Amino acid sequence: MSIRPFRDINRRKTKVISVGKVKVGGDNPISVQSMTNTLTTDIKATIKQINEIHMEGADIVRVSCPDEASSKALGEITKHIDIPVVADIHFHFKRAIEAAENGASCLRINPGNIGSRDKIKEVIKSAKSNNCSIRVGVNAGSLEKDILEKFKEPCPEALVESALRNIKILEDEDFFNLKVSVKSSDVFLSIAAYKQLSKVTDYPLHLGITEAGGFVPGSVKSSIGLGSLLLDGIGDTIRISLSDNPVEEVKNWK
């Protein structure tokens with residue numbers, strides 16, 4: 001029996017997935033990640049920042065891949081770092097394929113925004129071939145049109161419905177190496193969405209508050225949102241959104 005049971009946190013039991021060499025979910029430590037703010041095509045600057053982020057204690061780093069040059073730059077970047085890279089992909093399925101082929105350990109996508117089922121199948125095939133996990137990244141600011149029409153505005157139920165829909169897209173293609181996020185810039189909306197999602201899926205959850213703001217306001221918003229969820233045992237990997245200083249954001253959490 002615990003000496004101080006009021007300090008005990010009972011973590012929600014989740015599946016274990018691999019993001020490169022980092023295990024996420026289950027009884028594994030909650031991993032901390034940050035995102036670079038360099039141009040990914042500036043390979044030297046990106047390598048430098050990733051290594052600085054890693055030195056501060058980050059377990060995973062996310063890199064934006066908005067175009068072909070950026071996704072292919074990962075091939076050189078990953079040769080000079082020792083930390084798994086998540087490729088941030090928004091809409092174009094080819095960027096996801098290129099990132100997986102060039103060393104990304106995880107793809108941040110919203111399957112529903114990728115396009116046709118054939119395009120999604122190509123992304124999943126590349127992820128499987130390259131031992132690449134996927135983060136289903138649902139965001140309150142980019143919900144599917146029909147879900148917005150149904151719920152009238154972003155709400156916890158809307159984010160959860162979108163997440164479950166996109167999880168099913170991957171599961172239907174026999175892909176299960178995934179984690180999920182339901183982010184919003186509204187702290188209360190994020191907390192409620194994650195709590196609801198944690199009751200209906202056992203995939204690992206990536207916690208974050210979208211566009212939290214600069215260092216001070218961002219630290220406060222992220223601390224309230226993420227801290228509340230972590231106290232409830234919800235969350236397997238976290239990211240505090242301070243894009244103006246990714247090195248400091250890791251230092252702040254570690």
# chains A, B, ... in the order shown; residues from 1 in each chain; ligands from 1

$ residues_around --residues "range 172-185 of chain A" --least-positions-apart "6" --cutoff "7 Å" --atoms "only C-alpha atoms" --output "list in words"
Ile17, Ser133, Ile134, Arg135, Val136, Gly137, Val138, Asn139, Ala140, Leu159, Ala193, Tyr194, Tyr203, Pro204, Leu205, His206, Leu207, Gly208, Ile209, Thr210, Glu211 and Ala212 of chain A

$ residues_around --residues "range 59-70 of chain A" --least-positions-apart "2" --cutoff "6 Å" --atoms "only C-alpha atoms" --output "PyMOL selection string"
chain A and resi 31-36+40-41+72-73+83-89

$ select_by_dssp --residues "range 38-252 of chain A" --states "alpha helix (DSSP H)" --output "VMD selection string"
chain A and resid 43 to 55 68 to 77 93 to 101 111 to 114 117 to 129 145 to 151 156 to 171 187 to 198 215 to 231 246 to 252

$ atom_distance --atom1 "CA of Ile238 in chain A" --atom2 "CA of Leu148 in chain A"
26.7 Å

$ select_by_dssp --residues "range 42-247 of chain A" --states "strand (DSSP E or B)" --output "count of residues only"
33

$ closest_residue --among "A:Glu149, A:Glu56, A:Ser129, A:Ile167" --to "Pro111 in chain A" --atoms "only C-alpha atoms"
A:Ile167

$ closest_residue --among "A:Leu143, A:Gly57, A:Gly75, A:Lys94" --to "Cys155 in chain A" --atoms "only C-alpha atoms"
A:Leu143

$ closest_residue --among "A:Ile191, A:Ala100, A:Ile50, A:Ile169" --to "Gly112 in chain A" --atoms "only C-alpha atoms"
A:Ile169

$ residues_around --residues "Leu231 in chain A" --least-positions-apart "4" --cutoff "9 Å" --atoms "only C-alpha atoms" --output "CSV table (one decimal) with C-alpha atoms, in the first residue's frame"
chain,number,residue,atom,x,y,z
A,8,ASP,CA,-0.8,8.1,-6.5
A,9,ILE,CA,-1.7,8.5,-10.2
A,10,ASN,CA,-3.3,5.5,-11.8
A,11,ARG,CA,-2.3,5.7,-15.5
A,226,LEU,CA,-1.8,18.8,-19.8
A,227,GLY,CA,-1.4,18.8,-16.0

$ atom_distance --atom1 "CA of Ile47 in chain A" --atom2 "CA of Gly103 in chain A"
13.6 Å

$ atom_distance --atom1 "CA of Asp202 in chain A" --atom2 "CA of Leu189 in chain A"
20.3 Å

$ residues_around --residues "Asn102 in chain A" --least-positions-apart "3" --cutoff "10 Å" --atoms "only C-alpha atoms" --output "number ranges by chain"
A: 71-79, 96-99, 105, 130

$ write_last_selection --atoms "C-alpha atoms" --output "compact mmCIF listing (two decimals), in the first residue's frame"
# COMPACT_ATOMS: atom_id res chain seq x y z
CA SER A 71 10.24 15.67 -46.78
CA LYS A 72 13.26 14.55 -48.79
CA ALA A 73 15.59 16.62 -46.59
CA LEU A 74 14.79 14.18 -43.79
CA GLY A 75 17.02 11.65 -45.55
CA GLU A 76 20.09 13.74 -44.71
CA ILE A 77 18.82 15.12 -41.40
CA THR A 78 18.21 11.70 -39.87
CA LYS A 79 21.81 10.69 -40.56
CA ALA A 96 3.84 11.32 -46.11
CA ILE A 97 5.26 8.65 -48.40
CA GLU A 98 8.45 10.65 -49.00
CA ALA A 99 8.89 11.27 -45.26
CA SER A 105 9.72 7.31 -37.43
CA ASN A 130 9.41 1.65 -43.36

$ residues_around --residues "Ile224 in chain A" --least-positions-apart "5" --cutoff "9 Å" --atoms "only C-alpha atoms" --output "MDAnalysis selection string"
chainID A and resid 187 219 229

$ residues_around --residues "Ile114 in chain A" --least-positions-apart "4" --cutoff "9 Å" --atoms "only C-alpha atoms" --output "PDB file with N, CA and C atoms, in the first residue's frame"
ATOM      1  N   HIS A  90       0.169  17.584 -43.543  1.00  0.00           N
ATOM      2  CA  HIS A  90      -1.180  18.135 -43.422  1.00  0.00           C
ATOM      3  C   HIS A  90      -2.155  17.548 -44.443  1.00  0.00           C
ATOM      4  N   PHE A  91      -1.873  17.658 -45.719  1.00  0.00           N
ATOM      5  CA  PHE A  91      -2.863  17.233 -46.696  1.00  0.00           C
ATOM      6  C   PHE A  91      -2.322  16.321 -47.802  1.00  0.00           C
ATOM      7  N   HIS A  92      -1.082  16.514 -48.225  1.00  0.00           N
ATOM      8  CA  HIS A  92      -0.612  15.831 -49.432  1.00  0.00           C
ATOM      9  C   HIS A  92      -0.045  14.455 -49.100  1.00  0.00           C
ATOM     10  N   PHE A  93      -0.648  13.425 -49.651  1.00  0.00           N
ATOM     11  CA  PHE A  93      -0.247  12.054 -49.329  1.00  0.00           C
ATOM     12  C   PHE A  93       1.184  11.745 -49.775  1.00  0.00           C
ATOM     13  N   ILE A 109      -0.645  12.762 -39.368  1.00  0.00           N
ATOM     14  CA  ILE A 109      -1.606  13.019 -40.437  1.00  0.00           C
ATOM     15  C   ILE A 109      -3.016  13.007 -39.873  1.00  0.00           C
ATOM     16  N   ASN A 110      -3.941  13.521 -40.662  1.00  0.00           N
ATOM     17  CA  ASN A 110      -5.358  13.324 -40.409  1.00  0.00           C
ATOM     18  C   ASN A 110      -5.863  12.545 -41.626  1.00  0.00           C
ATOM     19  N   LYS A 119      -5.223   6.744 -51.885  1.00  0.00           N
ATOM     20  CA  LYS A 119      -4.091   7.539 -51.388  1.00  0.00           C
ATOM     21  C   LYS A 119      -3.733   7.144 -49.953  1.00  0.00           C
ATOM     22  N   ILE A 120      -4.766   6.927 -49.148  1.00  0.00           N
ATOM     23  CA  ILE A 120      -4.535   6.500 -47.765  1.00  0.00           C
ATOM     24  C   ILE A 120      -3.844   5.141 -47.746  1.00  0.00           C
TER      25      ILE A 120
END
